[in-house]
Every structure is written in structure tokens, then in C-alpha cells.
Amino acid sequence: MKNLFRLICYSLLGCIVFSASPLRAQQQQQKLDDVQEIVAIVNDEVISLYDLKQRMLLFLLSSGRQQLNQEETKYVQQQSLQSLIDDKLKIGEAEKYKAVISQEEQEQAFAGYAQQFNLSPEQFEQQLTQAGIDKKSMLKQIEASLAWEQVVGGLLMPQVSVTDDEIYNTIERFEHNKGQDEYRIREIFLLVTDNTRRDESKQAAQRIYDQLKSGSAQFPIMARQFSASTTSAVGGDMGWVMKSELPKEFVAAVSGAQKGDIIGPIEREDGFYVLQLENKRKVLTPSPDDTQVTLKHLFFKIAAGAKENEVAALEKAVDSMGKQIEGCDDVEAKAKAFEATSSGSLGTLTVGELPPAMHKTLLETKVGSATKPLREDDGFRLMVICDREVPEINIPGYEAVQNNLTNQRVGLMARRHLRDLRRDAIIDYR
């Protein structure tokens with residue numbers, strides 16, 4: 001993480017690298033010049049060159065990129081400027097309805113963002129500073145996001161009406177579609193308001209897809225940074241969606257995808273989508289991944305410098321030990337007798353939370369028995385199945401369906417509202 005922050009510096013943007021050095025006076029002068037240089041005016045609200053540089057650095061941080069060529073720098077600059085314009089529009093709309101985001105709310109959101117990097121707020125602020133990012137710049141972005149949530153919840157949601165007939169019809173569709181596919185999907189949505197710039201949005205979506213596909217960026221973080229959808233607040237999570245409820249452009253894309261696949265860019269009239277298939281299952285049908293298993297384990301470490309035949313002998317011995325285990329109450333005694341390196345309870349987990357290579361053996365091993373030895377980098381592990389339960393899948397209730405339909409419609413209205421704000425805004429590019 002520290003290396004990532006160090007690599008994200010102004011040299012990537014064609015700017016001067018600032019560091020804690022005797023050049024402090026020059027740094028302050030450069031910052032002042034950047035603050036005074038205007039790159040855009042949005043409804044009388046100024047965006048400075050300093051704002052733009054800061055947002056570019058935040059984009060780089062979110063995407064995990066370390067180096068940019070000239071073309072990529074231009075793309076990041078365009079996306080950063082568009083993001084800043086949207087933020088001005090969101091904050092302005094919130095102010096119109098007297099929605100105020102307190103400093104405390106901003107700090108709480110900042111702490112949540114730090115947690116995504118497994119850092120405390122203080123550590124995160126320090127690392128941002130080392131990378132040349134002012135915490136205030138990030139808090140401003142957070143303010144815009146929270147302000148838009150206020151607009152969506154306070155202005156748009158009250159306009160949504162879901163009738164009893166719609167709710168009961170949806171519940172009936174669950175019953176009718178039992179056994180058909182449904183998907184857990186994350187989305188990143190890039191809104192297109194000006195068709196003359198549609199190609200730019202398409203290229204931006206392609207670059208986001210490429211970064212996610214390469215594994216250099218995390219989908220939830222990218223969704224919070226780039227997505228124009230209301231799901232951005234939850235990392236792009238759309239929840240479980242039946243195949244029949246998906247847009248037709250999504251169906252073919254997700255039907256052949258595997259769990260974890262990155263999909264896109266998908267073009268629709270309102271913009272471009274990049275998706276990630278989190279999971280898939282059958283409607284109202286238990287999935288093996290949802291099976292709950294209560295586990296204990298024994299681990300046997302491979303001795304340093306062990307030869308291949310010695311490793312094979314250890315595996316055979318561990319397999320023999322596993323066959324002698326008779327229920328979970330027997331684990332502690334057997335661990336001591338077998339001189340296991342470590343042992344203990346893993347609690348209750350769903351099969352889907354565990355590595356895919358373990359799924360089959362966890363589902364097939366009898367309750368009270370140990371699995372075959374599971375090879376790890378430095379040893380072998382036995383899993384003992386203490387209990388296994390397949391959860392019952394119930395039809396969503398009235399309130400759950402009502403909330404889901406409401407959220408879908410609010411999301412659509414929010415996209416249209418932001419698009420209208422963009423079209424009606426007076427934007428002066430400098």
C-alpha cells in the first residue's frame with residue numbers, strides 16, 4: 001500500500017513532484033498558481049487547476065494505476081473534470097433544498113473509505129498527504145456523494161409510488177420463475193448526456209473494464225469513484241436480480257459468465273455499463289454456495305527443507321489421522337495425540353465464503369468426519385464437518401419487494417435527474 005501511494009505522484013500527470021524538501025516555497029507558490037487558474041465554471045461555481053490535479057490523483061488511487069501514457073493522462077483528465085462538474089451540480093441541487101452535509105458525516109464516510117484499505121483514518125490521511133493529496137479534496141468529493149444521497153432520498157424517493165398490484169404481481173413472478181436463473185451483479189454506469197461525446201464515454205468504460213479485468217483495481221472502489229448510478233454508494237451492488245427482470249442488453253452478457261467475471265462495456269441509450277457477476281443461482285432454489293457448514297480444523301506444517309518423498313509421507317500420515325477422527329468432540333484430543341501444528345474451531349460459514357477448490361469436499365464429506373488432506377503452501381489441513389445445513393429459500397415478502405421496486409425506480413429517476421442537471425447547466429470551459 002505504501003508503495004502504491006508513493007507511485008501515485010504528480011509526475012504521472014505531467015506536473016511537478018512535490019516532496020518535503022527545501023522547495024517548500026516553490027510548492028506553495030505552485031499551489032497558489034493552481035488555485036488561481038480556472039479550468040471551468042459551473043453555474044458560477046469555479047473549478048480550479050488545483051481541484052483538477054487533486055481529483056486526478058484520487059482517480060489514480062482508486063484505479064490502482066501506477067503509470068500513465070499521454071493518451072491515458074488525457075482520459076483521466078477528462079474523467080476528473082467531468083466528475084468535478086457533477087459534484088458541483090450535486091452540491092448545488094442539495095443546497096437548493098437546504099440539504100447540508102455536516103463535517104461529522106464527512107469524517108465518518110472518510111473513515112469508512114480508509115477501512116477499505118485496512119487503514120485507520122489517521123493512517124489514511126498520512127498516506128494521502130505523502131501522495132500529494134489534500135484530505136480536504138477527498139472530503140469535498142465525499143460531501144458531493146452524501147449530498148446527492150440526500151437529494152435522491154428527500155426529493156426523488158417521495159415521488160415514487162409502487163401499487164399493491166405491482167408488488168403482488170412481482171411475488172407471483174417469483175413463484176412462476178422458480179428454478180430459473182437469477183444473478184447477483186455489481187455495476188458501474190457512465191451516463192451519456194451529449195451524444196456527440198458518446199465515444200469518450202465508451203472509451204472511459206473500456207478503460208475501466210481493462211483495469212478491472214487485469215485485477216489492478218477493486219470493483220467496489222471503482223464503482224464508488226466512477227459510477228453515476230445510485231448503487232455507487234454500495235459499491236455498485238444491484239442485489240439479486242431475476243433473469244426476466246434484467247435489461248435485454250444484460251441477459252446475453254451474464255448468461256454465459258462465471259462467478260467473478262468482469263463484463264462489458266455494455267451500451268444502452270442512457271450510457272455504458274461495466275458489470276461484475278458476483279454470483280448466480282436458481283430462483284427460490286437453494287444454491288450449494290449457500291450451504292452453511294460448521295467446521296473445526298487441524299493443521300500439519302511441512303518441515304523446512306523437506307524433500308518430496310517426505311512431503312508425500314506427511315500427506316499419507318495426515319490422511320490416516322483424518323480417518324481416525326470420530327466427530328467434532330474428538331478433534332481437540334486427536335489434535336494433541338497427532339501433534340498437530342494448530343487446531344481449533346472455524347465457526348459456521350457458507351460454502352461460498354471458502355475457496356472454490358474446497359467446495360466439493362465440504363459438500364460431500366459426511367457430518368462428523370474429516371476431509372481428505374487439503375494442501376496449502378506450508379502444510380496440510382484437515383477440515384472436520386461438525387454440521388451442515390441447507391438454508392430454506394423463501395419468497396420475498398411484501399415489504400422486501402416494495403423496497404426493491406422503489407429502489408429500482410429511484411435509481412432510474414436519479415440518473416435522469418442528473419442528466420437534466422447537466423443539460424441545463426451553464427458550463428464555461430477555460
# chains A, B, ... in the order shown; residues from 1 in each chain; ligands from 1
>>> residues_around(residues="segment 230-237 of chain A", least_positions_apart="4", cutoff="12 Å", atoms="only C-alpha atoms", output="ChimeraX atom specification")
/A:109,112-113,116,142,144-153,156-157,183-191,218-226,241,273-279,407-418
>>> atom_distance(atom1="atom CA of Lys98 of chain A", atom2="atom CA of Gly154 of chain A")
10.6 Å
>>> closest_residue(among="A:Ser161, A:Ser369, A:Thr294, A:Ser48", to="Gly322 of chain A", atoms="only C-alpha atoms")
A:Ser369
>>> residues_around(residues="Phe338 of chain A", least_positions_apart="3", cutoff="10 Å", atoms="only C-alpha atoms", output="list in words")
Leu298, Phe300, Ala317, Val318, Met321, Gly322, Glu332, Ala333, Lys334, Ala335 and Thr341 of chain A
>>> write_last_selection(atoms="N, CA and C atoms", output="PDB file, in the first residue's frame")
ATOM      1  N   LEU A 298      -7.516 -29.112  11.748  1.00  0.00           N
ATOM      2  CA  LEU A 298      -6.192 -29.479  12.252  1.00  0.00           C
ATOM      3  C   LEU A 298      -5.199 -29.173  11.150  1.00  0.00           C
ATOM      4  N   PHE A 300      -1.091 -29.376   9.821  1.00  0.00           N
ATOM      5  CA  PHE A 300       0.187 -30.051   9.991  1.00  0.00           C
ATOM      6  C   PHE A 300       1.208 -29.388   9.066  1.00  0.00           C
ATOM      7  N   ALA A 317       0.235 -39.708   6.101  1.00  0.00           N
ATOM      8  CA  ALA A 317       0.021 -39.823   7.545  1.00  0.00           C
ATOM      9  C   ALA A 317      -1.181 -38.980   7.983  1.00  0.00           C
ATOM     10  N   VAL A 318      -1.294 -37.756   7.427  1.00  0.00           N
ATOM     11  CA  VAL A 318      -2.415 -36.876   7.778  1.00  0.00           C
ATOM     12  C   VAL A 318      -3.726 -37.499   7.313  1.00  0.00           C
ATOM     13  N   MET A 321      -4.644 -40.051   9.805  1.00  0.00           N
ATOM     14  CA  MET A 321      -5.142 -39.423  11.036  1.00  0.00           C
ATOM     15  C   MET A 321      -6.590 -38.976  10.868  1.00  0.00           C
ATOM     16  N   GLY A 322      -6.900 -38.404   9.692  1.00  0.00           N
ATOM     17  CA  GLY A 322      -8.255 -37.923   9.456  1.00  0.00           C
ATOM     18  C   GLY A 322      -9.283 -39.024   9.548  1.00  0.00           C
ATOM     19  N   GLU A 332     -10.099 -32.010  19.515  1.00  0.00           N
ATOM     20  CA  GLU A 332      -9.046 -31.488  20.397  1.00  0.00           C
ATOM     21  C   GLU A 332      -8.120 -32.603  20.888  1.00  0.00           C
ATOM     22  N   ALA A 333      -8.724 -33.725  21.266  1.00  0.00           N
ATOM     23  CA  ALA A 333      -7.909 -34.838  21.751  1.00  0.00           C
ATOM     24  C   ALA A 333      -7.032 -35.401  20.640  1.00  0.00           C
ATOM     25  N   LYS A 334      -7.599 -35.543  19.457  1.00  0.00           N
ATOM     26  CA  LYS A 334      -6.835 -36.078  18.327  1.00  0.00           C
ATOM     27  C   LYS A 334      -5.732 -35.103  17.911  1.00  0.00           C
ATOM     28  N   ALA A 335      -6.014 -33.797  17.964  1.00  0.00           N
ATOM     29  CA  ALA A 335      -5.003 -32.807  17.608  1.00  0.00           C
ATOM     30  C   ALA A 335      -3.792 -32.936  18.530  1.00  0.00           C
ATOM     31  N   THR A 341       0.157 -29.012  14.311  1.00  0.00           N
ATOM     32  CA  THR A 341       0.779 -27.701  14.491  1.00  0.00           C
ATOM     33  C   THR A 341      -0.201 -26.713  15.103  1.00  0.00           C
TER      34      THR A 341
END
>>> residues_around(residues="Arg173 of chain A", least_positions_apart="2", cutoff="12 Å", atoms="only C-alpha atoms", output="list in words")
Glu166, Ile167, Tyr168, Asn169, Thr170, Ile171, Glu175, His176, Asn177, Lys178, Gly179, Gln180, Met242, Lys243, Ser244, Glu245, Val283, Leu284, Ile395, Pro396 and Val401 of chain A
>>> write_last_selection(atoms="N, CA, C and O atoms", output="PDB file, in the first residue's frame")
ATOM      1  N   GLU A 166     -48.683  -4.140  -8.297  1.00  0.00           N
ATOM      2  CA  GLU A 166     -47.317  -4.340  -8.787  1.00  0.00           C
ATOM      3  C   GLU A 166     -46.535  -5.250  -7.848  1.00  0.00           C
ATOM      4  O   GLU A 166     -45.767  -6.116  -8.295  1.00  0.00           O
ATOM      5  N   ILE A 167     -46.710  -5.062  -6.565  1.00  0.00           N
ATOM      6  CA  ILE A 167     -45.984  -5.878  -5.580  1.00  0.00           C
ATOM      7  C   ILE A 167     -46.432  -7.326  -5.657  1.00  0.00           C
ATOM      8  O   ILE A 167     -45.603  -8.251  -5.714  1.00  0.00           O
ATOM      9  N   TYR A 168     -47.750  -7.563  -5.684  1.00  0.00           N
ATOM     10  CA  TYR A 168     -48.245  -8.945  -5.717  1.00  0.00           C
ATOM     11  C   TYR A 168     -47.927  -9.619  -7.048  1.00  0.00           C
ATOM     12  O   TYR A 168     -47.668 -10.836  -7.085  1.00  0.00           O
ATOM     13  N   ASN A 169     -47.927  -8.843  -8.129  1.00  0.00           N
ATOM     14  CA  ASN A 169     -47.540  -9.415  -9.428  1.00  0.00           C
ATOM     15  C   ASN A 169     -46.076  -9.848  -9.418  1.00  0.00           C
ATOM     16  O   ASN A 169     -45.721 -10.882 -10.003  1.00  0.00           O
ATOM     17  N   THR A 170     -45.232  -9.060  -8.754  1.00  0.00           N
ATOM     18  CA  THR A 170     -43.815  -9.418  -8.653  1.00  0.00           C
ATOM     19  C   THR A 170     -43.646 -10.696  -7.831  1.00  0.00           C
ATOM     20  O   THR A 170     -42.849 -11.577  -8.193  1.00  0.00           O
ATOM     21  N   ILE A 171     -44.380 -10.807  -6.734  1.00  0.00           N
ATOM     22  CA  ILE A 171     -44.313 -12.013  -5.907  1.00  0.00           C
ATOM     23  C   ILE A 171     -44.763 -13.227  -6.710  1.00  0.00           C
ATOM     24  O   ILE A 171     -44.160 -14.313  -6.626  1.00  0.00           O
ATOM     25  N   GLU A 175     -42.796 -16.952  -7.928  1.00  0.00           N
ATOM     26  CA  GLU A 175     -43.323 -18.329  -7.902  1.00  0.00           C
ATOM     27  C   GLU A 175     -43.283 -18.950  -9.303  1.00  0.00           C
ATOM     28  O   GLU A 175     -42.915 -20.115  -9.472  1.00  0.00           O
ATOM     29  N   HIS A 176     -43.647 -18.134 -10.303  1.00  0.00           N
ATOM     30  CA  HIS A 176     -43.669 -18.627 -11.685  1.00  0.00           C
ATOM     31  C   HIS A 176     -42.262 -18.945 -12.187  1.00  0.00           C
ATOM     32  O   HIS A 176     -42.069 -19.885 -12.957  1.00  0.00           O
ATOM     33  N   ASN A 177     -41.288 -18.161 -11.752  1.00  0.00           N
ATOM     34  CA  ASN A 177     -39.907 -18.321 -12.236  1.00  0.00           C
ATOM     35  C   ASN A 177     -39.063 -19.241 -11.371  1.00  0.00           C
ATOM     36  O   ASN A 177     -37.840 -19.297 -11.550  1.00  0.00           O
ATOM     37  N   LYS A 178     -39.674 -19.950 -10.443  1.00  0.00           N
ATOM     38  CA  LYS A 178     -38.913 -20.838  -9.571  1.00  0.00           C
ATOM     39  C   LYS A 178     -38.069 -21.807 -10.408  1.00  0.00           C
ATOM     40  O   LYS A 178     -38.560 -22.440 -11.341  1.00  0.00           O
ATOM     41  N   GLY A 179     -36.778 -21.872 -10.070  1.00  0.00           N
ATOM     42  CA  GLY A 179     -35.866 -22.749 -10.795  1.00  0.00           C
ATOM     43  C   GLY A 179     -35.140 -22.062 -11.939  1.00  0.00           C
ATOM     44  O   GLY A 179     -34.171 -22.609 -12.474  1.00  0.00           O
ATOM     45  N   GLN A 180     -35.586 -20.838 -12.314  1.00  0.00           N
ATOM     46  CA  GLN A 180     -34.888 -20.103 -13.354  1.00  0.00           C
ATOM     47  C   GLN A 180     -33.713 -19.325 -12.758  1.00  0.00           C
ATOM     48  O   GLN A 180     -33.585 -19.187 -11.547  1.00  0.00           O
ATOM     49  N   MET A 242     -33.644 -11.300 -10.964  1.00  0.00           N
ATOM     50  CA  MET A 242     -34.072 -12.398 -11.826  1.00  0.00           C
ATOM     51  C   MET A 242     -33.713 -12.105 -13.276  1.00  0.00           C
ATOM     52  O   MET A 242     -33.708 -10.948 -13.701  1.00  0.00           O
ATOM     53  N   LYS A 243     -33.446 -13.154 -14.008  1.00  0.00           N
ATOM     54  CA  LYS A 243     -33.097 -13.002 -15.421  1.00  0.00           C
ATOM     55  C   LYS A 243     -34.174 -12.232 -16.173  1.00  0.00           C
ATOM     56  O   LYS A 243     -33.878 -11.375 -17.014  1.00  0.00           O
ATOM     57  N   SER A 244     -35.434 -12.509 -15.842  1.00  0.00           N
ATOM     58  CA  SER A 244     -36.541 -11.847 -16.530  1.00  0.00           C
ATOM     59  C   SER A 244     -36.625 -10.358 -16.204  1.00  0.00           C
ATOM     60  O   SER A 244     -37.285  -9.598 -16.915  1.00  0.00           O
ATOM     61  N   GLU A 245     -35.962  -9.929 -15.121  1.00  0.00           N
ATOM     62  CA  GLU A 245     -36.004  -8.528 -14.713  1.00  0.00           C
ATOM     63  C   GLU A 245     -34.807  -7.734 -15.236  1.00  0.00           C
ATOM     64  O   GLU A 245     -34.749  -6.511 -15.081  1.00  0.00           O
ATOM     65  N   VAL A 283     -33.866 -19.285  -8.927  1.00  0.00           N
ATOM     66  CA  VAL A 283     -34.883 -18.595  -8.138  1.00  0.00           C
ATOM     67  C   VAL A 283     -35.561 -19.571  -7.179  1.00  0.00           C
ATOM     68  O   VAL A 283     -36.015 -20.655  -7.579  1.00  0.00           O
ATOM     69  N   LEU A 284     -35.602 -19.205  -5.898  1.00  0.00           N
ATOM     70  CA  LEU A 284     -36.249 -19.986  -4.840  1.00  0.00           C
ATOM     71  C   LEU A 284     -35.695 -21.402  -4.738  1.00  0.00           C
ATOM     72  O   LEU A 284     -36.370 -22.323  -4.275  1.00  0.00           O
ATOM     73  N   ILE A 395     -39.975 -17.041  -0.567  1.00  0.00           N
ATOM     74  CA  ILE A 395     -40.388 -15.953  -1.459  1.00  0.00           C
ATOM     75  C   ILE A 395     -40.256 -14.639  -0.711  1.00  0.00           C
ATOM     76  O   ILE A 395     -40.668 -14.536   0.454  1.00  0.00           O
ATOM     77  N   PRO A 396     -39.647 -13.621  -1.329  1.00  0.00           N
ATOM     78  CA  PRO A 396     -39.536 -12.326  -0.654  1.00  0.00           C
ATOM     79  C   PRO A 396     -40.910 -11.811  -0.215  1.00  0.00           C
ATOM     80  O   PRO A 396     -41.910 -11.980  -0.924  1.00  0.00           O
ATOM     81  N   VAL A 401     -40.170  -6.725  -1.438  1.00  0.00           N
ATOM     82  CA  VAL A 401     -40.464  -6.459  -2.847  1.00  0.00           C
ATOM     83  C   VAL A 401     -40.749  -4.978  -3.062  1.00  0.00           C
ATOM     84  O   VAL A 401     -40.289  -4.367  -4.047  1.00  0.00           O
TER      85      VAL A 401
END
>>> residues_around(residues="Val192 of chain A", least_positions_apart="5", cutoff="9 Å", atoms="only C-alpha atoms", output="NGL selection string")
:A and (197-198 or 201 or 269-272 or 419)
>>> residues_around(residues="Arg422 of chain A", least_positions_apart="5", cutoff="10 Å", atoms="only C-alpha atoms", output="PyMOL selection string")
chain A and resi 42+85-86+89-90+193-194+416-417+427
>>> write_last_selection(atoms="C-alpha atoms", output="PDB file, in the first residue's frame")
ATOM      1  CA  VAL A  42     -20.290  25.564 -13.444  1.00  0.00           C
ATOM      2  CA  ILE A  85     -18.626  19.181 -12.693  1.00  0.00           C
ATOM      3  CA  ASP A  86     -21.073  16.539 -11.463  1.00  0.00           C
ATOM      4  CA  LEU A  89     -24.191  20.106  -9.737  1.00  0.00           C
ATOM      5  CA  LYS A  90     -24.991  17.642  -6.942  1.00  0.00           C
ATOM      6  CA  THR A 193     -25.846  13.277 -21.779  1.00  0.00           C
ATOM      7  CA  ASP A 194     -24.278  14.511 -25.003  1.00  0.00           C
ATOM      8  CA  ARG A 416     -32.478  11.178 -15.396  1.00  0.00           C
ATOM      9  CA  HIS A 417     -32.318  13.997 -12.873  1.00  0.00           C
ATOM     10  CA  ILE A 427     -20.631  25.342 -18.088  1.00  0.00           C
TER      11      ILE A 427
END
>>> residues_around(residues="Gln402 of chain A", least_positions_apart="3", cutoff="9 Å", atoms="only C-alpha atoms", output="list in words")
Val162, Thr163, Asp164, Glu166, Ile167, Gly397, Tyr398, Glu399, Leu405, Thr406 and Asn407 of chain A
>>> write_last_selection(atoms="all heavy atoms", output="mmCIF file, in the first residue's frame")
data_model
loop_
_atom_site.group_PDB
_atom_site.id
_atom_site.type_symbol
_atom_site.label_atom_id
_atom_site.label_comp_id
_atom_site.auth_asym_id
_atom_site.auth_seq_id
_atom_site.Cartn_x
_atom_site.Cartn_y
_atom_site.Cartn_z
ATOM 1 N N VAL A 162 -45.406 2.755 -5.634
ATOM 2 C CA VAL A 162 -45.493 1.347 -6.029
ATOM 3 C C VAL A 162 -46.831 0.806 -5.530
ATOM 4 O O VAL A 162 -47.117 0.852 -4.326
ATOM 5 C CB VAL A 162 -44.337 0.526 -5.433
ATOM 6 C CG1 VAL A 162 -44.469 -0.943 -5.840
ATOM 7 C CG2 VAL A 162 -42.999 1.081 -5.890
ATOM 8 N N THR A 163 -47.664 0.315 -6.428
ATOM 9 C CA THR A 163 -49.005 -0.129 -6.062
ATOM 10 C C THR A 163 -48.984 -1.553 -5.514
ATOM 11 O O THR A 163 -48.039 -2.318 -5.741
ATOM 12 C CB THR A 163 -49.944 -0.083 -7.272
ATOM 13 O OG1 THR A 163 -49.508 -1.064 -8.235
ATOM 14 C CG2 THR A 163 -49.940 1.296 -7.911
ATOM 15 N N ASP A 164 -50.063 -1.903 -4.822
ATOM 16 C CA ASP A 164 -50.210 -3.273 -4.304
ATOM 17 C C ASP A 164 -50.210 -4.284 -5.437
ATOM 18 O O ASP A 164 -49.610 -5.364 -5.323
ATOM 19 C CB ASP A 164 -51.516 -3.398 -3.501
ATOM 20 C CG ASP A 164 -51.450 -2.698 -2.155
ATOM 21 O OD1 ASP A 164 -50.334 -2.356 -1.730
ATOM 22 O OD2 ASP A 164 -52.508 -2.504 -1.529
ATOM 23 N N GLU A 166 -48.683 -4.140 -8.297
ATOM 24 C CA GLU A 166 -47.317 -4.340 -8.787
ATOM 25 C C GLU A 166 -46.535 -5.250 -7.848
ATOM 26 O O GLU A 166 -45.767 -6.116 -8.295
ATOM 27 C CB GLU A 166 -46.603 -2.991 -8.913
ATOM 28 C CG GLU A 166 -47.129 -2.123 -10.042
ATOM 29 C CD GLU A 166 -46.495 -0.745 -10.043
ATOM 30 O OE1 GLU A 166 -46.485 -0.085 -8.995
ATOM 31 O OE2 GLU A 166 -45.991 -0.341 -11.103
ATOM 32 N N ILE A 167 -46.710 -5.062 -6.565
ATOM 33 C CA ILE A 167 -45.984 -5.878 -5.580
ATOM 34 C C ILE A 167 -46.432 -7.326 -5.657
ATOM 35 O O ILE A 167 -45.603 -8.251 -5.714
ATOM 36 C CB ILE A 167 -46.207 -5.306 -4.161
ATOM 37 C CG1 ILE A 167 -45.560 -3.915 -4.053
ATOM 38 C CG2 ILE A 167 -45.627 -6.258 -3.107
ATOM 39 C CD1 ILE A 167 -45.913 -3.176 -2.787
ATOM 40 N N GLY A 397 -40.935 -11.189 0.951
ATOM 41 C CA GLY A 397 -42.187 -10.667 1.472
ATOM 42 C C GLY A 397 -42.603 -9.357 0.820
ATOM 43 O O GLY A 397 -41.877 -8.775 0.010
ATOM 44 N N TYR A 398 -43.792 -8.907 1.203
ATOM 45 C CA TYR A 398 -44.378 -7.684 0.646
ATOM 46 C C TYR A 398 -43.422 -6.500 0.774
ATOM 47 O O TYR A 398 -43.158 -5.784 -0.191
ATOM 48 C CB TYR A 398 -45.693 -7.393 1.377
ATOM 49 C CG TYR A 398 -46.425 -6.160 0.896
ATOM 50 C CD1 TYR A 398 -47.473 -6.267 -0.012
ATOM 51 C CD2 TYR A 398 -46.086 -4.891 1.362
ATOM 52 C CE1 TYR A 398 -48.152 -5.131 -0.451
ATOM 53 C CE2 TYR A 398 -46.747 -3.750 0.929
ATOM 54 C CZ TYR A 398 -47.789 -3.880 0.019
ATOM 55 O OH TYR A 398 -48.452 -2.762 -0.416
ATOM 56 N N GLU A 399 -42.871 -6.281 1.977
ATOM 57 C CA GLU A 399 -42.024 -5.122 2.231
ATOM 58 C C GLU A 399 -40.725 -5.186 1.439
ATOM 59 O O GLU A 399 -40.265 -4.177 0.900
ATOM 60 C CB GLU A 399 -41.724 -5.006 3.723
ATOM 61 C CG GLU A 399 -40.965 -3.754 4.104
ATOM 62 C CD GLU A 399 -40.797 -3.597 5.593
ATOM 63 O OE1 GLU A 399 -41.536 -4.255 6.354
ATOM 64 O OE2 GLU A 399 -39.919 -2.816 6.005
ATOM 65 N N LEU A 405 -38.554 -2.604 -5.635
ATOM 66 C CA LEU A 405 -39.158 -1.869 -6.749
ATOM 67 C C LEU A 405 -38.948 -0.363 -6.595
ATOM 68 O O LEU A 405 -38.675 0.343 -7.571
ATOM 69 C CB LEU A 405 -40.652 -2.184 -6.828
ATOM 70 C CG LEU A 405 -41.025 -3.610 -7.264
ATOM 71 C CD1 LEU A 405 -42.535 -3.816 -7.180
ATOM 72 C CD2 LEU A 405 -40.539 -3.892 -8.678
ATOM 73 N N THR A 406 -39.067 0.109 -5.358
ATOM 74 C CA THR A 406 -38.851 1.533 -5.099
ATOM 75 C C THR A 406 -37.427 1.939 -5.444
ATOM 76 O O THR A 406 -37.193 2.961 -6.103
ATOM 77 C CB THR A 406 -39.145 1.864 -3.630
ATOM 78 O OG1 THR A 406 -40.519 1.557 -3.334
ATOM 79 C CG2 THR A 406 -38.889 3.336 -3.332
ATOM 80 N N ASN A 407 -36.452 1.141 -4.992
ATOM 81 C CA ASN A 407 -35.039 1.457 -5.256
ATOM 82 C C ASN A 407 -34.728 1.453 -6.746
ATOM 83 O O ASN A 407 -33.955 2.285 -7.233
ATOM 84 C CB ASN A 407 -34.138 0.473 -4.518
ATOM 85 C CG ASN A 407 -34.150 0.686 -3.021
ATOM 86 O OD1 ASN A 407 -34.440 1.787 -2.543
ATOM 87 N ND2 ASN A 407 -33.858 -0.357 -2.258
#
